[in-house]
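**Q** Sharing coords02.txt below, compact mmCIF, C-alpha atoms and all ligand atoms:
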```txt
# COMPACT_ATOMS: atom_id res chain seq x y z
CA MET A 1 167.03 49.17 132.93
CA PRO A 2 163.75 48.33 134.74
CA LEU A 3 164.00 46.61 138.13
CA LEU A 4 161.41 43.98 137.23
CA GLN A 5 160.05 43.11 133.82
CA LEU A 6 157.33 40.63 132.85
CA GLU A 7 156.93 39.93 129.16
CA GLY A 8 153.97 37.88 127.91
CA VAL A 9 153.90 35.67 131.01
CA SER A 10 151.29 32.90 130.81
CA LYS A 11 150.40 29.99 133.06
CA ARG A 12 147.46 27.63 133.36
CA PHE A 13 146.55 24.96 135.86
CA GLY A 14 144.40 22.56 133.80
CA GLN A 15 141.47 24.66 132.55
CA VAL A 16 142.25 27.61 134.84
CA VAL A 17 144.27 30.40 133.26
CA VAL A 18 146.08 32.16 136.12
CA ALA A 19 148.33 34.31 133.92
CA ASP A 20 147.36 35.36 130.41
CA GLY A 21 150.18 37.17 128.65
CA ILE A 22 151.04 39.51 131.52
CA THR A 23 153.37 42.31 130.45
CA PHE A 24 154.53 45.22 132.60
CA GLN A 25 157.66 46.68 134.08
CA LEU A 26 158.57 48.28 137.38
CA GLU A 27 161.28 50.87 137.86
CA GLU A 28 163.67 50.99 140.81
CA GLY A 29 161.81 52.19 143.95
CA ALA A 30 158.35 52.03 142.31
CA SER A 31 155.22 51.78 144.44
CA VAL A 32 152.49 49.84 142.69
CA GLY A 33 149.21 48.30 143.86
CA VAL A 34 147.45 45.25 142.43
CA VAL A 35 143.69 44.72 142.56
CA GLY A 36 141.35 42.20 140.98
CA PRO A 37 138.53 39.87 142.04
CA ASN A 38 139.23 36.68 144.01
CA GLY A 39 140.69 34.07 141.71
CA ALA A 40 142.03 36.70 139.26
CA GLY A 41 145.55 35.29 139.52
CA LYS A 42 147.13 37.91 141.79
CA THR A 43 148.81 35.49 144.20
CA SER A 44 149.81 33.30 141.26
CA MET A 45 151.58 36.30 139.70
CA PHE A 46 153.64 36.63 142.88
CA GLY A 47 154.42 32.91 142.67
CA LEU A 48 155.64 33.39 139.11
CA ILE A 49 157.88 36.30 140.16
CA SER A 50 159.23 34.61 143.30
CA GLY A 51 159.82 31.31 141.51
CA ASP A 52 157.25 29.16 143.32
CA ILE A 53 155.41 28.74 139.99
CA LYS A 54 157.03 28.15 136.60
CA PRO A 55 155.46 30.00 133.65
CA ASP A 56 154.29 28.05 130.58
CA SER A 57 155.57 30.88 128.38
CA GLY A 58 156.88 34.41 128.54
CA SER A 59 159.82 35.77 130.47
CA ILE A 60 160.53 37.50 133.77
CA SER A 61 163.69 39.44 134.42
CA PHE A 62 165.04 41.20 137.48
CA GLU A 63 167.69 43.89 137.12
CA GLY A 64 168.14 42.73 133.55
CA ARG A 65 168.73 39.07 134.48
CA ASP A 66 166.39 36.48 133.00
CA LEU A 67 164.94 34.49 135.93
CA HIS A 68 163.93 31.45 133.89
CA ARG A 69 166.56 29.15 135.36
CA VAL A 70 166.92 30.94 138.68
CA ALA A 71 165.63 28.98 141.71
CA THR A 72 163.41 30.57 144.37
CA PRO A 73 166.09 30.89 147.12
CA THR A 74 168.43 32.60 144.65
CA ARG A 75 165.69 35.02 143.61
CA CYS A 76 165.24 35.85 147.29
CA ARG A 77 168.96 36.52 147.68
CA MET A 78 168.89 38.67 144.52
CA GLY A 79 166.42 40.94 146.31
CA ILE A 80 162.93 39.62 145.63
CA GLY A 81 161.20 39.57 149.03
CA ARG A 82 157.69 38.24 149.49
CA THR A 83 155.00 37.99 152.14
CA TYR A 84 152.28 35.34 152.03
CA GLN A 85 148.53 35.96 152.03
CA ILE A 86 148.25 33.38 154.81
CA PRO A 87 151.19 34.03 157.17
CA GLN A 88 153.38 30.95 157.46
CA PRO A 89 155.77 31.45 160.38
CA PHE A 90 157.50 28.55 162.11
CA GLU A 91 154.87 28.37 164.86
CA HIS A 92 157.07 26.86 167.56
CA MET A 93 159.99 29.22 167.05
CA THR A 94 160.08 32.67 168.57
CA VAL A 95 159.47 35.83 166.59
CA PHE A 96 163.20 36.55 166.73
CA GLU A 97 164.18 33.05 165.58
CA ASN A 98 161.77 33.29 162.65
CA THR A 99 163.35 36.55 161.57
CA LEU A 100 166.86 35.21 162.16
CA VAL A 101 166.26 32.31 159.76
CA ALA A 102 165.26 34.83 157.09
CA ALA A 103 168.35 36.96 157.78
CA GLN A 104 170.62 33.92 157.48
CA GLN A 105 168.96 32.30 154.48
CA GLY A 106 167.74 35.36 152.63
CA ALA A 107 170.49 37.90 153.24
CA ARG A 108 173.22 35.27 153.73
CA THR A 109 174.40 36.92 156.92
CA ARG A 110 176.18 34.99 159.66
CA GLY A 111 176.83 35.42 163.37
CA VAL A 112 176.33 38.86 164.86
CA ALA A 113 175.37 40.32 161.48
CA SER A 114 172.35 37.96 161.35
CA TYR A 115 171.26 38.96 164.84
CA GLU A 116 171.58 42.64 163.97
CA LYS A 117 169.69 42.24 160.72
CA ALA A 118 166.89 40.28 162.39
CA TYR A 119 166.56 42.77 165.22
CA GLN A 120 166.59 45.77 162.86
CA SER A 121 163.80 44.21 160.79
CA LEU A 122 161.68 43.62 163.88
CA GLU A 123 162.23 47.18 165.03
CA ARG A 124 161.35 48.47 161.58
CA VAL A 125 157.88 46.87 161.78
CA GLY A 126 157.34 47.63 165.48
CA MET A 127 157.78 44.05 166.69
CA ALA A 128 160.99 44.25 168.74
CA ALA A 129 159.09 44.03 172.05
CA LEU A 130 157.58 40.71 170.93
CA ALA A 131 160.90 39.15 169.90
CA ASN A 132 160.75 36.31 172.45
CA ARG A 133 157.12 35.34 171.88
CA PRO A 134 156.41 32.05 170.09
CA ALA A 135 155.22 32.97 166.58
CA GLY A 136 152.27 30.59 167.01
CA SER A 137 150.87 32.79 169.80
CA LEU A 138 150.62 35.96 167.69
CA ALA A 139 147.39 37.70 166.70
CA LEU A 140 146.77 38.48 163.03
CA LEU A 141 148.30 42.00 162.96
CA HIS A 142 151.51 40.71 164.45
CA ARG A 143 151.59 37.70 162.15
CA LYS A 144 151.33 40.09 159.20
CA ARG A 145 154.09 42.27 160.63
CA LEU A 146 156.26 39.24 161.20
CA GLU A 147 155.78 38.31 157.52
CA LEU A 148 157.03 41.76 156.65
CA ALA A 149 159.99 41.52 159.06
CA ARG A 150 160.99 38.17 157.55
CA ALA A 151 160.82 39.58 154.04
CA LEU A 152 162.84 42.63 155.13
CA SER A 153 165.54 40.46 156.65
CA SER A 154 166.53 39.28 153.20
CA ASN A 155 167.52 42.85 152.14
CA PRO A 156 164.92 43.10 149.39
CA ARG A 157 165.12 45.48 146.42
CA ILE A 158 161.43 44.76 145.89
CA LEU A 159 158.74 43.62 148.32
CA LEU A 160 155.81 41.58 147.04
CA LEU A 161 153.06 42.14 149.64
CA ASP A 162 150.07 39.79 149.44
CA GLU A 163 147.00 41.20 151.24
CA ILE A 164 149.03 42.31 154.19
CA ALA A 165 146.25 44.66 155.39
CA GLY A 166 143.39 42.17 155.04
CA GLY A 167 141.52 41.44 158.27
CA LEU A 168 143.09 44.33 160.20
CA THR A 169 141.22 47.18 161.91
CA ASP A 170 141.21 50.66 160.32
CA ALA A 171 143.80 51.95 162.79
CA GLU A 172 146.05 48.93 162.19
CA VAL A 173 145.81 49.48 158.43
CA VAL A 174 146.86 53.13 158.83
CA ASP A 175 149.90 52.05 160.92
CA LEU A 176 150.93 49.32 158.52
CA SER A 177 150.56 51.62 155.49
CA ALA A 178 152.90 54.10 157.19
CA VAL A 179 155.50 51.36 157.70
CA ILE A 180 155.22 50.40 154.03
CA ARG A 181 155.56 54.02 152.88
CA GLY A 182 158.69 54.28 155.05
CA LEU A 183 160.20 51.24 153.33
CA GLN A 184 159.41 52.70 149.93
CA GLY A 185 161.08 55.93 151.09
CA GLU A 186 164.24 53.92 151.65
CA GLY A 187 164.23 52.91 148.00
CA ILE A 188 162.59 49.48 148.25
CA ALA A 189 160.13 48.94 145.39
CA ILE A 190 156.64 47.85 146.47
CA LEU A 191 154.22 45.61 144.58
CA TRP A 192 151.19 45.34 146.83
CA ILE A 193 148.10 43.14 146.31
CA GLU A 194 145.32 44.53 148.46
CA HIS A 195 141.53 44.61 148.69
CA VAL A 196 141.71 47.48 151.19
CA VAL A 197 141.77 50.13 148.46
CA ARG A 198 142.10 52.99 150.94
CA ALA A 199 145.43 51.58 152.11
CA LEU A 200 146.65 51.30 148.53
CA LEU A 201 145.60 54.82 147.62
CA SER A 202 147.55 56.22 150.58
CA THR A 203 150.70 54.49 149.41
CA VAL A 204 150.96 53.63 145.71
CA ASP A 205 151.23 55.89 142.67
CA ARG A 206 150.29 53.25 140.13
CA LEU A 207 147.67 50.51 140.09
CA LEU A 208 147.37 47.27 138.11
CA CYS A 209 144.12 45.34 137.78
CA LEU A 210 144.08 41.63 136.98
CA ALA A 211 141.06 39.62 135.84
CA ASN A 212 141.12 36.01 134.69
CA GLY A 213 144.90 36.14 134.66
CA ALA A 214 145.04 39.15 132.32
CA LEU A 215 146.22 42.67 133.07
CA VAL A 216 143.13 44.76 132.25
CA ALA A 217 144.31 48.14 133.55
CA ASP A 218 147.61 49.79 134.48
CA GLY A 219 147.93 53.45 135.40
CA GLU A 220 147.23 56.23 137.86
CA PRO A 221 145.28 54.64 140.76
CA ARG A 222 142.10 56.74 140.74
CA GLU A 223 141.91 56.65 136.94
CA VAL A 224 142.30 52.87 136.98
CA LEU A 225 139.54 52.47 139.61
CA ALA A 226 137.22 54.70 137.57
CA SER A 227 138.02 53.00 134.25
CA ASP A 228 135.42 51.06 132.29
CA ALA A 229 137.71 48.02 132.22
CA VAL A 230 137.87 47.83 136.01
CA ARG A 231 134.19 48.61 136.50
CA THR A 232 133.31 45.80 134.10
CA VAL A 233 135.54 43.36 135.99
CA TYR A 234 133.75 44.08 139.25
CA LEU A 235 130.28 44.35 137.71
CA GLY A 236 127.75 41.91 139.04
CA GLY A 237 130.12 41.31 141.90
CA ARG A 238 131.58 44.00 144.02
CA ILE A 239 132.29 47.58 143.10
CA ILE A 240 135.52 49.22 144.16
CA ASN A 241 135.34 52.43 146.12
CA GLU A 242 137.77 54.26 148.33
CA SER A 243 136.71 52.56 151.53
CA GLY A 244 137.51 49.19 150.07
CA VAL A 245 135.80 46.69 147.86
CA SER A 246 132.15 46.54 148.86
N1 LIG B 1 148.56 25.29 142.29
C1 LIG B 1 147.35 25.44 141.76
N2 LIG B 1 146.72 24.43 141.13
C2 LIG B 1 145.51 24.59 140.57
N3 LIG B 1 144.80 25.74 140.58
C3 LIG B 1 145.37 26.79 141.19
C4 LIG B 1 146.66 26.71 141.81
N4 LIG B 1 146.96 27.92 142.34
C5 LIG B 1 145.91 28.72 142.07
N5 LIG B 1 144.95 28.04 141.38
C6 LIG B 1 143.69 28.61 140.89
O1 LIG B 1 144.03 29.72 140.08
C7 LIG B 1 143.10 30.77 140.25
C8 LIG B 1 143.84 32.02 140.67
O2 LIG B 1 144.26 31.89 142.01
P1 LIG B 1 145.07 33.03 142.78
O3 LIG B 1 146.29 33.36 142.02
O4 LIG B 1 145.24 32.56 144.17
O5 LIG B 1 144.05 34.26 142.71
P2 LIG B 1 143.93 35.57 143.59
O6 LIG B 1 145.13 35.71 144.44
O7 LIG B 1 143.76 36.67 142.59
O8 LIG B 1 142.66 35.40 144.41
C9 LIG B 1 142.08 30.29 141.26
O9 LIG B 1 140.97 29.81 140.53
C10 LIG B 1 142.80 29.17 141.99
O10 LIG B 1 141.90 28.23 142.48
MG MG B 2 145.41 35.83 146.50
```
Represent the structure from my file as C-alpha cells, please.
Ligand SMILES: Nc1ncnc2c1ncn2[C@@H]1O[C@H](COP(=O)(O)OP(=O)(O)O)[C@@H](O)[C@H]1O
Ligand SMILES: [Mg+2]
**A**
Amino acid sequence: MPLLQLEGVSKRFGQVVVADGITFQLEEGASVGVVGPNGAGKTSMFGLISGDIKPDSGSISFEGRDLHRVATPTRCRMGIGRTYQIPQPFEHMTVFENTLVAAQQGARTRGVASYEKAYQSLERVGMAALANRPAGSLALLHRKRLELARALSSNPRILLLDEIAGGLTDAEVVDLSAVIRGLQGEGIAILWIEHVVRALLSTVDRLLCLANGALVADGEPREVLASDAVRTVYLGGRIINESGVS
C-alpha cells in the first residue's frame, strides 16, 4: 500500500486552476522533490494534502485511508507534517514554547513527554541553544529550522517542506539538506518543494514538475530537469540548472 496517493485531484479558485487532475503516489520513506514556476500550484498541492484546501474532485489517501472527510488537525496526527513557505511561528512565544505546542497538538503528548518531544525536535534541527529566544526575534534560517522542528514534533510519517531552503546562504542550504537527509534516513518520507535545485538533487531520488496545476513530469531528477516537458514549462522564463533556477 502506498503511503500517500493522489488520484485525479483537481481544484480551481475562480478562473485559476491550481490542481488539474494530479495523480501520483509515494511509497513509505520516499524522498521526492517538487519544482515548477511560481503560481504552478505547488503550495496549493500541499494545502490539498494537509487539508487546508478541499479538492473539487479526485481523491487523496494516506496509508490507505481516504482523507476526504478527515480534518486538518487529524491529518497532522495521522502523520502528515508540513512547513509553510512563509514561516508562521507564534512570534511572542519562545522557540521552545512554539515547539511544545506542536508536540502537544500534533503528537498528542502530555506533560514530560511533550517537553521531551519538543526538545528532541529542536536538537534534531540544531536549535536547542535558541530554545528560550522569542520566535519573533529569529533570523530567516532559524525561522525555517523552527518550522521544521514544529513539523517534527508531530511525529510525521511524511514531511511536506515548502521552500525551506529559499533565501538561505549556500552553506546554510548544505546544512539544512543534511538535516533533511538525516530525517529521511530515519524513515520519514519527504515531499520537498524547492527552487534551489542543487539542494533537491543532493537529497531526492525522484522529481515532480507542476505547471498550471498539472503534473508535467515525474521521474529521476536529472532526467526530469532535462526533459522537453520541463524545458518547455520554463521556456521564456527561467531555465533550470544545477545551481538553481536562473
Ligand atoms: N486561496 C486562494 N484563492 C485564490 N487564488 C489562489 C488561492 N491560493 C492560491 N491561489 C492562486 O493559485 C495559483 C497557484 O498558487 P500556489 O499554489 O501558491 O503556487 P506556487 O506555490 O506553485 O507558487 C496562483 O495563481 C495563486 O495566486
Ligand atoms: Mg508556493
**Q** Mind dumping a table of every stretch 113-223 of chain A residue within 12 Å of stretch 68-90 of chain A, with the nearest atom pair and its distance in Å to one decimal, using only C-alpha atoms, sorted by chain and rising number, as CSV?
**A**
```
residue,atom,partner,partner_atom,distance
A:Arg133,CA,A:Phe90,CA,11.9
A:Pro134,CA,A:Phe90,CA,8.8
A:Ala135,CA,A:Pro89,CA,6.4
A:Gly136,CA,A:Phe90,CA,7.5
A:Ser137,CA,A:Pro89,CA,10.7
A:Leu138,CA,A:Pro89,CA,10.0
A:Ala139,CA,A:Pro87,CA,10.9
A:Leu140,CA,A:Pro87,CA,8.6
A:Leu141,CA,A:Pro87,CA,10.3
A:His142,CA,A:Pro87,CA,9.9
A:Arg143,CA,A:Pro87,CA,6.2
A:Lys144,CA,A:Pro87,CA,6.4
A:Arg145,CA,A:Pro87,CA,9.4
A:Leu146,CA,A:Pro89,CA,7.8
A:Glu147,CA,A:Thr83,CA,5.4
A:Leu148,CA,A:Thr83,CA,6.2
A:Ala149,CA,A:Thr83,CA,9.2
A:Arg150,CA,A:Thr83,CA,8.1
A:Ala151,CA,A:Gly81,CA,5.0
A:Leu152,CA,A:Gly81,CA,7.0
A:Ser153,CA,A:Gly81,CA,8.8
A:Ser154,CA,A:Arg77,CA,6.6
A:Asn155,CA,A:Gly79,CA,6.2
A:Pro156,CA,A:Gly79,CA,4.0
A:Arg157,CA,A:Gly79,CA,4.7
A:Ile158,CA,A:Ile80,CA,5.4
A:Leu159,CA,A:Gly81,CA,4.8
A:Leu160,CA,A:Arg82,CA,4.5
A:Leu161,CA,A:Thr83,CA,5.2
A:Asp162,CA,A:Gln85,CA,4.9
A:Glu163,CA,A:Gln85,CA,5.5
A:Ile164,CA,A:Gln85,CA,6.7
A:Ala165,CA,A:Gln85,CA,9.6
A:Gly166,CA,A:Gln85,CA,8.6
A:Gly167,CA,A:Gln85,CA,10.9
A:Ile188,CA,A:Gly79,CA,9.6
A:Ala189,CA,A:Ile80,CA,9.7
A:Ile190,CA,A:Gly81,CA,9.8
A:Leu191,CA,A:Arg82,CA,9.5
A:Trp192,CA,A:Thr83,CA,9.8
A:Ile193,CA,A:Gln85,CA,9.2
A:Glu194,CA,A:Gln85,CA,9.8
A:His195,CA,A:Gln85,CA,11.6
```
**Q** Return as a list in words every polymer residue, whether protein, DNA or RNA, with at least one atom no more than 6 Å from an atom of ligand LIG 1 (chain B); count only C-alpha atoms and all ligand atoms.
**A**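 Based on only C-alpha atoms and all ligand atoms, ligand LIG 1 (chain B) is surrounded within 6 Å by Phe13, Val16, Val18, Asn38, Gly39, Ala40, Gly41, Lys42, Thr43 and Ser44 of chain A.
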**Q** Calculate how many Å separate atom CA of A:Gly36 from atom CA of A:Tyr234, rounding to one decimal.
**A**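 It comes out at 8.0 Å.
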**Q** Find the residues around stretch 175-183 of chain A up to 7 Å (all atoms listed in the file counted), leave out those fewer than 6 positions away in its own chain, and share them as a PyMOL selection string.
**A** chain A and resi 125+199+203
**Q** Given the choices A:Val224, A:Leu210, A:Val204, A:Leu215, which gets closest to ligand MG 2 (chain B) if the distance is worked out from only C-alpha atoms and all ligand atoms?
**A**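 Of the candidates, the smallest distance to ligand MG 2 (chain B) is held by A:Leu210.
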**Q** May I ask for the distance between atom CA of A:Ala131 and atom CA of A:Thr99, given in Å to one decimal place?
**A**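 That distance, rounded to one decimal, is 9.1 Å.
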**Q** So that I can check the surroundings of A:Leu130, please list as a PyMOL selection string every protein, DNA and RNA residue that reaches within 9 Å of it, counting all atoms listed in the file and ignoring chain neighbours fewer than 5 positions away.
**A** chain A and resi 94-96+122+142
**Q** When you draw a straight line from atom CA of A:Val197 to atom CA of A:Val35, how long is it in Å?
**A**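 These two atoms are separated by 8.2 Å.
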**Q** Near A:Ala226, counting only C-alpha atoms, which residues have an atom at most 12 Å away, once you skip same-chain residues fewer than 2 positions from it, shown as JSON, numbers by chain?
**A** {"A": [207, 209, 217, 218, 219, 220, 221, 222, 223, 224, 228, 229, 230, 231, 232, 233, 234, 239, 240, 241, 242]}
**Q** Calculated over all atoms listed in the file, which of the candidates A:Gly29, A:Gln105, A:Met45, A:Leu3 has the smallest distance to ligand MG 2 (chain B)?
**A** A:Met45
**Q** Could you check the closest approach to ligand MG 2 (chain B) for each of A:Gly213, A:Ser59, A:Gly64, A:Leu225 and tell me which residue wins, using only C-alpha atoms and all ligand atoms?
**A**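 Once distances to ligand MG 2 (chain B) are computed over only C-alpha atoms and all ligand atoms, the minimum belongs to A:Gly213.
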